[in-house]
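Participant: Sending over protein33.txt (compact mmCIF, C-alpha atoms (C1' of nucleotides)).
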```
# COMPACT_ATOMS: atom_id res chain seq x y z
CA MET V 1 -22.75 8.84 13.95
CA ASN V 2 -20.72 11.83 14.98
CA GLU V 3 -17.11 12.83 15.55
CA ALA V 4 -16.80 10.46 18.49
CA THR V 5 -17.64 7.48 16.31
CA THR V 6 -14.69 8.20 14.07
CA GLY V 7 -12.21 8.35 16.89
CA ARG V 8 -11.19 11.88 15.92
CA ASN V 9 -12.10 15.24 17.32
CA LYS V 10 -12.19 18.08 14.85
CA PRO V 11 -14.13 21.32 15.26
CA ARG V 12 -16.31 21.07 12.17
CA GLY V 13 -18.29 18.79 9.92
CA SER V 14 -19.24 15.15 10.11
CA TYR V 15 -16.09 13.15 9.66
CA ALA V 16 -18.07 9.97 9.80
CA LYS V 17 -19.80 10.88 6.58
CA THR V 18 -16.50 11.79 4.98
CA GLY V 19 -14.98 8.56 6.18
CA MET V 20 -17.79 6.61 4.62
CA LYS V 21 -17.33 8.43 1.34
CA ARG V 22 -13.64 7.62 1.45
CA ALA V 23 -14.41 3.98 2.07
CA ALA V 24 -16.91 3.93 -0.77
CA ILE V 25 -14.35 5.50 -3.10
CA LEU V 26 -11.73 2.95 -2.11
CA GLU V 27 -14.14 0.13 -2.81
CA ALA V 28 -15.01 1.52 -6.22
CA ALA V 29 -11.34 2.13 -6.95
CA LEU V 30 -10.53 -1.45 -6.04
CA ALA V 31 -13.14 -2.75 -8.45
CA VAL V 32 -12.09 -0.48 -11.30
CA PHE V 33 -8.34 -0.96 -10.86
CA ALA V 34 -8.96 -4.68 -10.62
CA LYS V 35 -10.80 -4.86 -13.90
CA GLY V 36 -8.26 -3.17 -16.10
CA GLY V 37 -5.13 -2.39 -14.13
CA TYR V 38 -3.89 1.02 -13.18
CA ARG V 39 -3.61 2.79 -16.49
CA SER V 40 -6.86 1.51 -17.92
CA GLY V 41 -8.85 2.06 -14.77
CA SER V 42 -10.32 5.53 -15.08
CA LEU V 43 -11.33 7.97 -12.39
CA ARG V 44 -14.44 8.53 -14.47
CA GLU V 45 -15.60 4.99 -13.98
CA MET V 46 -14.88 5.08 -10.25
CA ALA V 47 -16.75 8.36 -9.94
CA SER V 48 -19.85 7.07 -11.67
CA HIS V 49 -19.60 3.89 -9.62
CA VAL V 50 -19.78 5.87 -6.40
CA GLY V 51 -22.22 8.51 -7.66
CA MET V 52 -19.86 11.46 -7.76
CA SER V 53 -18.06 13.58 -10.30
CA GLU V 54 -14.37 13.12 -10.98
CA ALA V 55 -13.59 16.42 -9.33
CA GLY V 56 -15.56 15.42 -6.26
CA LEU V 57 -13.56 12.25 -6.04
CA LEU V 58 -10.28 14.09 -6.31
CA HIS V 59 -11.25 16.16 -3.33
CA HIS V 60 -10.64 13.10 -1.15
CA PHE V 61 -7.45 11.92 -2.81
CA PRO V 62 -4.84 14.20 -4.35
CA ASN V 63 -4.43 12.17 -7.53
CA LYS V 64 -4.84 8.81 -9.16
CA SER V 65 -1.70 7.12 -7.91
CA ALA V 66 -2.33 8.16 -4.32
CA LEU V 67 -5.68 6.45 -4.65
CA LEU V 68 -3.95 3.32 -5.87
CA ALA V 69 -1.55 3.38 -2.95
CA ALA V 70 -4.44 3.68 -0.50
CA VAL V 71 -6.20 0.69 -2.01
CA LEU V 72 -3.07 -1.48 -1.87
CA GLU V 73 -2.30 -0.53 1.69
CA LEU V 74 -5.82 -1.31 2.83
CA ARG V 75 -5.98 -4.75 1.26
CA ASP V 76 -2.50 -5.61 2.43
CA GLU V 77 -3.39 -5.05 6.07
CA HIS V 78 -6.41 -7.23 5.67
CA ALA V 79 -4.50 -10.10 4.07
CA MET V 80 -1.72 -10.05 6.65
CA GLU V 81 -4.19 -10.73 9.44
CA MET V 82 -4.65 -14.20 8.01
CA VAL V 83 -0.94 -15.11 8.05
CA PRO V 84 0.46 -14.95 11.61
CA PHE V 85 4.20 -14.76 10.99
CA ASP V 86 4.83 -14.06 14.66
CA SER V 87 3.32 -17.35 15.79
CA GLU V 88 5.54 -19.72 17.70
CA ASP V 89 4.55 -22.65 15.52
CA PRO V 90 6.09 -22.18 12.04
CA LEU V 91 3.28 -24.22 10.54
CA GLU V 92 0.69 -21.63 11.51
CA PRO V 93 1.70 -19.04 8.90
CA ILE V 94 1.85 -21.81 6.29
CA ARG V 95 -1.64 -22.96 7.15
CA GLY V 96 -2.60 -19.30 7.04
CA LEU V 97 -1.52 -19.12 3.41
CA ILE V 98 -3.99 -21.86 2.54
CA THR V 99 -6.69 -20.00 4.44
CA LEU V 100 -5.75 -16.86 2.53
CA ALA V 101 -5.92 -18.69 -0.80
CA ARG V 102 -9.35 -20.01 0.06
CA TYR V 103 -10.53 -16.59 1.14
CA ASN V 104 -9.17 -15.01 -2.03
CA ALA V 105 -11.45 -17.19 -4.11
CA SER V 106 -14.35 -15.31 -2.53
CA VAL V 107 -13.07 -11.87 -3.55
CA PRO V 108 -12.25 -12.08 -7.26
CA GLY V 109 -11.79 -8.33 -7.49
CA VAL V 110 -8.91 -8.38 -5.05
CA VAL V 111 -7.27 -11.25 -6.91
CA GLU V 112 -7.64 -9.39 -10.19
CA LEU V 113 -6.18 -6.29 -8.61
CA TYR V 114 -3.05 -7.97 -7.34
CA CYS V 115 -2.63 -10.11 -10.39
CA THR V 116 -2.85 -7.25 -12.84
CA LEU V 117 -0.96 -4.73 -10.75
CA SER V 118 1.92 -6.96 -9.73
CA ALA V 119 2.51 -7.63 -13.43
CA GLU V 120 2.16 -3.96 -14.37
CA GLY V 121 4.25 -3.00 -11.37
CA THR V 122 7.30 -4.88 -12.61
CA SER V 123 7.88 -1.85 -14.82
CA PRO V 124 10.24 0.51 -12.97
CA ASP V 125 8.23 3.66 -13.76
CA HIS V 126 4.93 2.26 -12.52
CA PRO V 127 3.38 4.13 -9.57
CA ALA V 128 3.29 0.92 -7.56
CA HIS V 129 6.72 -0.41 -8.55
CA GLU V 130 8.43 0.35 -5.24
CA TYR V 131 5.47 -1.04 -3.37
CA PHE V 132 5.73 -4.40 -5.09
CA VAL V 133 9.51 -4.60 -4.86
CA GLY V 134 9.25 -4.04 -1.13
CA ARG V 135 6.28 -6.32 -0.69
CA TYR V 136 7.89 -9.30 -2.41
CA ASP V 137 11.17 -8.75 -0.65
CA LEU V 138 9.46 -8.70 2.72
CA THR V 139 7.20 -11.65 2.02
CA VAL V 140 10.02 -13.83 0.69
CA SER V 141 12.31 -13.03 3.60
CA ARG V 142 9.59 -13.72 6.17
CA LEU V 143 8.68 -16.99 4.49
CA THR V 144 12.34 -17.98 4.13
CA HIS V 145 12.82 -17.48 7.85
CA ASN V 146 9.68 -19.43 8.53
CA PHE V 147 10.73 -22.39 6.36
CA ALA V 148 14.16 -22.29 8.02
CA ARG V 149 12.42 -22.79 11.34
CA CYS V 150 10.61 -25.75 9.82
CA ALA V 151 13.95 -27.15 8.72
CA GLU V 152 15.27 -26.88 12.28
CA ARG V 153 12.41 -29.04 13.43
CA GLY V 154 13.05 -31.53 10.67
CA ILE V 155 9.68 -31.04 8.99
CA LEU V 156 11.00 -29.40 5.83
CA ARG V 157 11.80 -31.75 2.98
CA PRO V 158 15.49 -32.67 3.14
CA GLY V 159 17.62 -30.83 0.61
CA MET V 160 15.02 -28.12 0.04
CA PRO V 161 16.61 -24.69 0.57
CA PRO V 162 14.30 -22.49 2.68
CA GLU V 163 14.55 -19.63 0.21
CA SER V 164 13.52 -21.88 -2.68
CA ALA V 165 10.57 -23.04 -0.63
CA ALA V 166 9.66 -19.41 0.03
CA ARG V 167 10.03 -18.24 -3.56
CA GLY V 168 8.27 -21.34 -4.81
CA THR V 169 5.32 -20.80 -2.50
CA VAL V 170 4.92 -17.16 -3.50
CA ALA V 171 5.35 -18.00 -7.18
CA LEU V 172 2.80 -20.78 -7.00
CA MET V 173 0.23 -18.56 -5.31
CA ASP V 174 0.71 -15.86 -7.94
CA GLY V 175 0.64 -18.25 -10.85
CA LEU V 176 -2.44 -20.04 -9.61
CA GLN V 177 -4.26 -16.73 -9.49
CA VAL V 178 -3.77 -16.25 -13.22
CA GLN V 179 -5.06 -19.73 -13.96
CA TRP V 180 -7.98 -19.26 -11.62
CA LEU V 181 -8.98 -15.95 -13.21
CA LEU V 182 -8.91 -17.62 -16.62
CA ASP V 183 -10.88 -20.66 -15.47
CA ARG V 184 -12.59 -20.19 -12.11
CA ASP V 185 -14.33 -23.52 -12.06
CA GLY V 186 -11.38 -25.55 -13.25
CA VAL V 187 -8.88 -24.41 -10.63
CA ASP V 188 -8.97 -24.59 -6.84
CA MET V 189 -6.19 -22.31 -5.65
CA ALA V 190 -6.25 -23.49 -2.03
CA ASP V 191 -6.23 -27.18 -2.94
CA GLU V 192 -3.36 -26.82 -5.38
CA LEU V 193 -1.41 -24.75 -2.90
CA GLU V 194 -1.92 -27.40 -0.24
CA VAL V 195 -0.73 -30.15 -2.61
CA TYR V 196 2.45 -28.17 -3.18
CA LEU V 197 3.04 -27.34 0.47
CA ARG V 198 2.57 -30.97 1.48
CA THR V 199 5.32 -32.00 -0.92
CA ILE V 200 7.84 -29.73 0.78
CA VAL V 201 6.74 -29.68 4.42
CA ASP V 202 5.00 -31.98 6.90
CA LEU V 203 1.82 -30.01 7.50
CA ASP V 204 0.49 -32.45 10.10
CA ALA V 205 3.50 -32.37 12.41
CA MET A 1 17.05 -10.72 -52.01
CA ASN A 2 14.20 -11.15 -54.42
CA GLU A 3 10.82 -12.85 -54.61
CA ALA A 4 12.43 -16.27 -54.66
CA THR A 5 14.06 -15.64 -51.32
CA THR A 6 10.71 -15.13 -49.67
CA GLY A 7 9.31 -18.38 -50.94
CA ARG A 8 6.48 -16.58 -52.70
CA ASN A 9 5.94 -15.63 -56.26
CA LYS A 10 4.01 -12.47 -56.84
CA PRO A 11 4.14 -10.31 -59.96
CA ARG A 12 5.22 -7.08 -58.33
CA GLY A 13 7.37 -5.42 -55.71
CA SER A 14 10.01 -6.68 -53.35
CA TYR A 15 8.32 -8.79 -50.73
CA ALA A 16 11.59 -9.26 -48.95
CA LYS A 17 11.67 -5.59 -48.09
CA THR A 18 8.08 -5.67 -46.90
CA GLY A 19 8.78 -8.78 -44.90
CA MET A 20 11.66 -7.09 -43.18
CA LYS A 21 9.52 -4.09 -42.32
CA ARG A 22 6.91 -6.41 -40.88
CA ALA A 23 9.54 -8.13 -38.78
CA ALA A 24 10.89 -4.79 -37.57
CA ILE A 25 7.39 -3.68 -36.63
CA LEU A 26 6.78 -6.90 -34.73
CA GLU A 27 10.01 -6.45 -32.82
CA ALA A 28 9.12 -2.89 -31.89
CA ALA A 29 5.60 -3.95 -30.95
CA LEU A 30 6.98 -6.66 -28.71
CA ALA A 31 9.17 -4.16 -26.87
CA VAL A 32 6.41 -1.59 -26.47
CA PHE A 33 3.69 -4.04 -25.46
CA ALA A 34 6.13 -5.62 -23.05
CA LYS A 35 6.90 -2.38 -21.29
CA GLY A 36 3.39 -1.29 -20.47
CA GLY A 37 0.94 -3.94 -21.53
CA TYR A 38 -1.57 -3.68 -24.34
CA ARG A 39 -3.56 -0.64 -23.40
CA SER A 40 -0.61 1.50 -22.40
CA GLY A 41 1.55 0.47 -25.31
CA SER A 42 0.90 3.00 -28.05
CA LEU A 43 1.19 2.63 -31.81
CA ARG A 44 2.88 6.01 -31.70
CA GLU A 45 5.77 4.68 -29.69
CA MET A 46 6.15 1.63 -31.89
CA ALA A 47 6.09 3.81 -34.99
CA SER A 48 8.83 6.08 -33.73
CA HIS A 49 10.77 3.03 -32.63
CA VAL A 50 10.80 1.65 -36.15
CA GLY A 51 11.11 5.01 -37.90
CA MET A 52 7.67 5.20 -39.43
CA SER A 53 4.43 7.07 -38.96
CA GLU A 54 1.45 5.46 -37.29
CA ALA A 55 -0.41 5.36 -40.58
CA GLY A 56 2.54 3.68 -42.24
CA LEU A 57 2.56 1.07 -39.52
CA LEU A 58 -1.14 0.43 -39.89
CA HIS A 59 -0.60 -0.31 -43.54
CA HIS A 60 1.01 -3.60 -42.50
CA PHE A 61 -1.47 -4.52 -39.79
CA PRO A 62 -5.17 -3.66 -39.84
CA ASN A 63 -5.30 -2.46 -36.24
CA LYS A 64 -3.69 -2.58 -32.84
CA SER A 65 -5.11 -5.87 -31.60
CA ALA A 66 -4.18 -7.68 -34.81
CA LEU A 67 -0.64 -6.53 -34.18
CA LEU A 68 -0.80 -7.95 -30.68
CA ALA A 69 -2.06 -11.26 -32.00
CA ALA A 70 0.80 -11.44 -34.48
CA VAL A 71 3.37 -10.82 -31.76
CA LEU A 72 1.92 -13.50 -29.50
CA GLU A 73 1.71 -16.04 -32.29
CA LEU A 74 5.30 -15.44 -33.32
CA ARG A 75 6.75 -15.84 -29.84
CA ASP A 76 4.60 -18.85 -29.13
CA GLU A 77 5.98 -20.78 -32.07
CA HIS A 78 9.48 -19.96 -30.97
CA ALA A 79 8.93 -21.11 -27.40
CA MET A 80 7.24 -24.34 -28.41
CA GLU A 81 10.33 -25.46 -30.29
CA MET A 82 12.07 -25.82 -26.97
CA VAL A 83 9.48 -28.12 -25.43
CA PRO A 84 9.13 -31.35 -27.47
CA PHE A 85 5.78 -32.69 -26.28
CA ASP A 86 5.81 -35.33 -28.99
CA SER A 87 8.99 -36.93 -27.71
CA GLU A 88 8.83 -40.55 -26.66
CA ASP A 89 10.58 -39.84 -23.36
CA PRO A 90 8.19 -37.88 -21.09
CA LEU A 91 11.18 -36.31 -19.34
CA GLU A 92 12.26 -34.51 -22.50
CA PRO A 93 9.46 -31.90 -22.46
CA ILE A 94 10.09 -31.39 -18.74
CA ARG A 95 13.78 -30.77 -19.31
CA GLY A 96 12.70 -28.50 -22.16
CA LEU A 97 10.80 -26.33 -19.68
CA ILE A 98 14.02 -25.74 -17.76
CA THR A 99 15.79 -24.88 -21.01
CA LEU A 100 12.96 -22.50 -21.81
CA ALA A 101 13.19 -20.86 -18.40
CA ARG A 102 16.93 -20.38 -18.84
CA TYR A 103 16.43 -18.97 -22.32
CA ASN A 104 13.72 -16.61 -21.10
CA ALA A 105 16.19 -14.97 -18.74
CA SER A 106 18.05 -13.78 -21.84
CA VAL A 107 15.00 -12.09 -23.36
CA PRO A 108 13.50 -9.88 -20.64
CA GLY A 109 11.18 -8.19 -23.12
CA VAL A 110 9.44 -11.45 -23.90
CA VAL A 111 9.04 -12.26 -20.22
CA GLU A 112 7.60 -8.81 -19.57
CA LEU A 113 5.23 -9.25 -22.47
CA TYR A 114 3.81 -12.55 -21.28
CA CYS A 115 3.76 -11.52 -17.68
CA THR A 116 1.90 -8.28 -18.25
CA LEU A 117 -0.39 -9.58 -20.95
CA SER A 118 -1.41 -12.82 -19.25
CA ALA A 119 -2.50 -10.74 -16.27
CA GLU A 120 -4.29 -8.17 -18.44
CA GLY A 121 -5.74 -10.96 -20.54
CA THR A 122 -7.64 -12.46 -17.61
CA SER A 123 -10.20 -9.73 -18.26
CA PRO A 124 -12.88 -11.17 -20.58
CA ASP A 125 -13.00 -8.13 -22.87
CA HIS A 126 -9.26 -8.03 -23.47
CA PRO A 127 -8.19 -8.53 -27.10
CA ALA A 128 -5.98 -11.44 -26.04
CA HIS A 129 -8.38 -13.06 -23.60
CA GLU A 130 -9.36 -15.95 -25.83
CA TYR A 131 -5.74 -16.48 -26.76
CA PHE A 132 -4.70 -16.92 -23.14
CA VAL A 133 -7.67 -19.09 -22.21
CA GLY A 134 -6.80 -21.40 -25.07
CA ARG A 135 -3.10 -21.30 -24.42
CA TYR A 136 -3.36 -22.25 -20.76
CA ASP A 137 -5.91 -24.91 -21.47
CA LEU A 138 -3.68 -26.49 -24.09
CA THR A 139 -0.50 -26.22 -22.05
CA VAL A 140 -2.07 -27.68 -18.92
CA SER A 141 -3.66 -30.58 -20.81
CA ARG A 142 -0.42 -31.39 -22.61
CA LEU A 143 1.56 -31.25 -19.39
CA THR A 144 -1.05 -33.30 -17.54
CA HIS A 145 -0.79 -36.01 -20.16
CA ASN A 146 2.98 -35.83 -19.95
CA PHE A 147 3.05 -36.18 -16.16
CA ALA A 148 0.58 -39.05 -16.44
CA ARG A 149 3.10 -40.83 -18.64
CA CYS A 150 5.71 -40.19 -15.96
CA ALA A 151 3.37 -41.73 -13.41
CA GLU A 152 3.02 -44.87 -15.55
CA ARG A 153 6.78 -45.27 -15.44
CA GLY A 154 6.83 -44.74 -11.70
CA ILE A 155 8.94 -41.61 -11.81
CA LEU A 156 6.22 -39.20 -10.65
CA ARG A 157 6.03 -38.63 -6.93
CA PRO A 158 3.47 -41.05 -5.42
CA GLY A 159 0.16 -39.39 -4.62
CA MET A 160 0.81 -36.42 -6.88
CA PRO A 161 -2.10 -36.00 -9.31
CA PRO A 162 -0.77 -35.33 -12.84
CA GLU A 163 -3.03 -32.32 -13.27
CA SER A 164 -1.77 -30.76 -10.05
CA ALA A 165 1.77 -31.31 -11.25
CA ALA A 166 0.86 -29.64 -14.53
CA ARG A 167 -0.92 -26.67 -12.98
CA GLY A 168 1.78 -26.32 -10.38
CA THR A 169 4.51 -26.26 -12.99
CA VAL A 170 2.77 -23.64 -15.09
CA ALA A 171 1.92 -21.56 -12.02
CA LEU A 172 5.48 -21.72 -10.75
CA MET A 173 6.91 -20.61 -14.07
CA ASP A 174 4.50 -17.68 -14.24
CA GLY A 175 5.04 -16.65 -10.66
CA LEU A 176 8.81 -16.84 -10.91
CA GLN A 177 8.68 -14.46 -13.85
CA VAL A 178 7.10 -11.78 -11.69
CA GLN A 179 9.73 -12.21 -9.00
CA TRP A 180 12.50 -12.22 -11.58
CA LEU A 181 11.25 -9.03 -13.20
CA LEU A 182 11.20 -7.35 -9.80
CA ASP A 183 14.65 -8.63 -8.82
CA ARG A 184 16.64 -9.99 -11.73
CA ASP A 185 19.80 -10.71 -9.78
CA GLY A 186 18.09 -12.28 -6.80
CA VAL A 187 16.07 -14.91 -8.68
CA ASP A 188 17.18 -17.70 -11.01
CA MET A 189 14.04 -18.90 -12.74
CA ALA A 190 15.57 -22.05 -14.20
CA ASP A 191 17.19 -23.13 -10.94
CA GLU A 192 14.03 -22.62 -8.94
CA LEU A 193 11.98 -24.44 -11.53
CA GLU A 194 14.40 -27.35 -11.44
CA VAL A 195 14.21 -27.52 -7.64
CA TYR A 196 10.45 -27.78 -7.91
CA LEU A 197 10.45 -30.33 -10.71
CA ARG A 198 12.90 -32.53 -8.83
CA THR A 199 10.55 -32.66 -5.87
CA ILE A 200 7.76 -34.10 -7.98
CA VAL A 201 9.54 -36.16 -10.61
CA ASP A 202 12.75 -38.15 -10.97
CA LEU A 203 14.54 -36.07 -13.57
CA ASP A 204 17.52 -38.44 -13.78
CA ALA A 205 15.55 -41.60 -14.54
C1' DG N 1 -17.76 19.07 -0.07
C1' DT N 2 -19.40 18.68 -4.52
C1' DC N 3 -20.43 20.52 -8.77
C1' DT N 4 -19.67 22.43 -13.88
C1' DA N 5 -16.54 23.83 -17.04
C1' DT N 6 -12.29 23.68 -19.01
C1' DA N 7 -7.25 23.15 -19.89
C1' DT N 8 -4.08 20.00 -21.72
C1' DA N 9 -2.74 15.92 -23.54
C1' DG N 10 -2.62 11.35 -25.62
C1' DC N 11 -4.88 7.76 -28.05
C1' DG N 12 -6.52 4.73 -32.46
C1' DA N 13 -8.00 5.10 -36.80
C1' DT N 14 -9.16 7.12 -41.42
C1' DA N 15 -8.79 10.02 -45.82
C1' DG N 16 -6.34 11.36 -49.31
C1' DA N 17 -1.92 13.27 -51.40
C1' DC N 18 2.34 11.61 -53.35
C1' DG Z 1 4.06 1.97 -49.28
C1' DT Z 2 4.47 5.90 -46.68
C1' DC Z 3 3.27 10.36 -45.55
C1' DT Z 4 0.45 14.58 -43.50
C1' DA Z 5 -3.60 16.05 -41.62
C1' DT Z 6 -7.36 15.38 -39.03
C1' DC Z 7 -11.40 13.37 -36.67
C1' DG Z 8 -13.45 11.69 -32.51
C1' DC Z 9 -12.71 10.05 -28.31
C1' DT Z 10 -10.94 9.48 -23.52
C1' DA Z 11 -7.95 10.65 -20.02
C1' DT Z 12 -6.14 13.44 -15.59
C1' DA Z 13 -6.21 17.45 -13.30
C1' DT Z 14 -7.43 22.25 -12.16
C1' DA Z 15 -10.38 26.67 -11.44
C1' DG Z 16 -14.00 28.61 -9.68
C1' DA Z 17 -19.18 28.71 -8.70
C1' DC Z 18 -22.40 27.18 -5.18
```
Translate this file's structure into structure tokens.

Facilitator:
Amino acid sequence: MNEATTGRNKPRGSYAKTGMKRAAILEAALAVFAKGGYRSGSLREMASHVGMSEAGLLHHFPNKSALLAAVLELRDEHAMEMVPFDSEDPLEPIRGLITLARYNASVPGVVELYCTLSAEGTSPDHPAHEYFVGRYDLTVSRLTHNFARCAERGILRPGMPPESAARGTVALMDGLQVQWLLDRDGVDMADELEVYLRTIVDLDA
Amino acid sequence: MNEATTGRNKPRGSYAKTGMKRAAILEAALAVFAKGGYRSGSLREMASHVGMSEAGLLHHFPNKSALLAAVLELRDEHAMEMVPFDSEDPLEPIRGLITLARYNASVPGVVELYCTLSAEGTSPDHPAHEYFVGRYDLTVSRLTHNFARCAERGILRPGMPPESAARGTVALMDGLQVQWLLDRDGVDMADELEVYLRTIVDLDA
DNA sequence: GTCTATATAGCGATAGAC
DNA sequence: GTCTATCGCTATATAGAC
């Protein structure tokens, strides 16, 4: 690998190597933040996880909360690929949510991260508070619009307000994550989500 | 107040006074744990909240996690009074959940506590892990039994497995709490819960 | 770019005076 | 029953050597 591989073109040093270090740090940070939340997750543990000192780690990220932000941003992009809100068929994003739930069961660390941090982040002085406020607002409004389109086609349960369907769907996904983390064999997040969605929308239309 | 007021009968000292201190400590602990979870909530802050030193506080409780356990136990008893699982009518506990959700909106600290701690508590080495495993297991099994009784009477939505109804209800309540904490004016937990419950059960039977 | 060393701060818990 | 004082530990972040 060289500079060309990274897509950048800087005069010195192997940016590929640096990029890989960054990626490794993000992965370690994800695992550590996931296990104990933001406050409890220590740079020390991430550093040892990735084979560096704390100071070495803080060369790549200015501080702890910037590292958190980078982790959240990265995972968010990845998740959104599974839920095509811009599809013409309003059922596609809904089916995507089930796909996402099934995928999530294969990455417990990510589930732990979002579960712990979204709870922590309800506190207004949390480093990720604004992130979660914005994220929920966006997700609910997108889903509301999507369920409204279902209603237009007559495949949303009569009398169900689109916003309630949206908030209910998000709430159910979040709540199922807690139950799944507490009892991974006893709960199937994707199945339970599908049961719920089928009660409010005609998935086979 | 004297010993008789407390219901105990010990040779020395005013137990009423001690009992009041204990209650004050529990209240402070609830607020502090609620704001930042277990790890971030410090005995120091609770102590200053209640006008005592940390050592004075630890005279009443052996350590930090015992204090957490006491808080959880106390609030649990209180909440359970609102949900009469032993009622003959299986709709009564379900209506009780809506009452509970409405009540919860008046005690944000309690909601924050459960929200933050149930997420933290998914980690196996958390002081409250066993508590939450047991609590969810019990709640889901009670609710499953209750929805099964609804099914017998033909007021549960056809094809809806009682356990899915139970897990869905618990998940929805948990998830709505997160959304409510992030946007208290935009979300009505009790209303949304009722919308959900009405889609799976005939509440007016 | 990564290290060692260190500054600064907060934590839970204990010992012992009163 | 409550206090002061303190121990031992962990944390983030910075300074400067290499």

Participant: Considering all atoms listed in the file, extract the chain V residues located within 7 Å of chain A and return them as a list in words.

Facilitator: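 That gives the following set of residues: Lys35, Gly36, Arg39, Ser40, Cys115, Thr116, Ala119, Glu120, Thr122, Ser123, Val133, Ser164, Gly168, Ala171, Leu172, Asp174, Gly175, Leu176, Val178, Leu181, Leu182 and Glu192 of chain V.
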
Participant: By how many Å are CA of Asn146 (chain A) and CA of Leu197 (chain A) apart?

Facilitator: 13.1 Å

Participant: First superpose chain A onto chain V using a least-squares fit over all Cα atoms taken in order; then report the RMSD in Å.

Facilitator: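 Between chain V and chain A, the C-alpha RMSD is 0.1 Å.
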
Participant: Please report as JSON, numbers by chain which residues of chain V come no farther than 12 Å from chain N, using only C-alpha atoms (C1' of nucleotides).

Facilitator: {"V": [13, 14, 15, 17, 18, 21, 47, 51, 52, 53, 54, 55, 56, 57, 58, 59, 60]}

Participant: Between CA of Gly41 (chain V) and CA of Leu67 (chain V), what is the distance, to one decimal in Å?

Facilitator: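 These two atoms are separated by 11.5 Å.
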
Participant: For the interface of chain Z with chain V (cut-off 9 Å, counting only C-alpha atoms (C1' of nucleotides)), please tabulate each contacting residue of chain Z alongside its nearest pair of atoms and their separation in Å to one decimal, rows sorted by chain and increasing number, as JSON lines.

Facilitator:
```
{"residue": "Z:DA11", "atom": "C1'", "partner": "V:Ser42", "partner_atom": "CA", "distance": 7.5}
{"residue": "Z:DT12", "atom": "C1'", "partner": "V:Lys64", "partner_atom": "CA", "distance": 8.0}
{"residue": "Z:DA13", "atom": "C1'", "partner": "V:Asn63", "partner_atom": "CA", "distance": 8.0}
{"residue": "Z:DT14", "atom": "C1'", "partner": "V:Ala55", "partner_atom": "CA", "distance": 8.9}
```

Participant: Quote the spacing between CA of His78 (chain A) and CA of Met46 (chain A) in Å to one decimal place.

Facilitator: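 Spanning CA of His78 (chain A) to CA of Met46 (chain A) is a straight-line distance of 21.9 Å.
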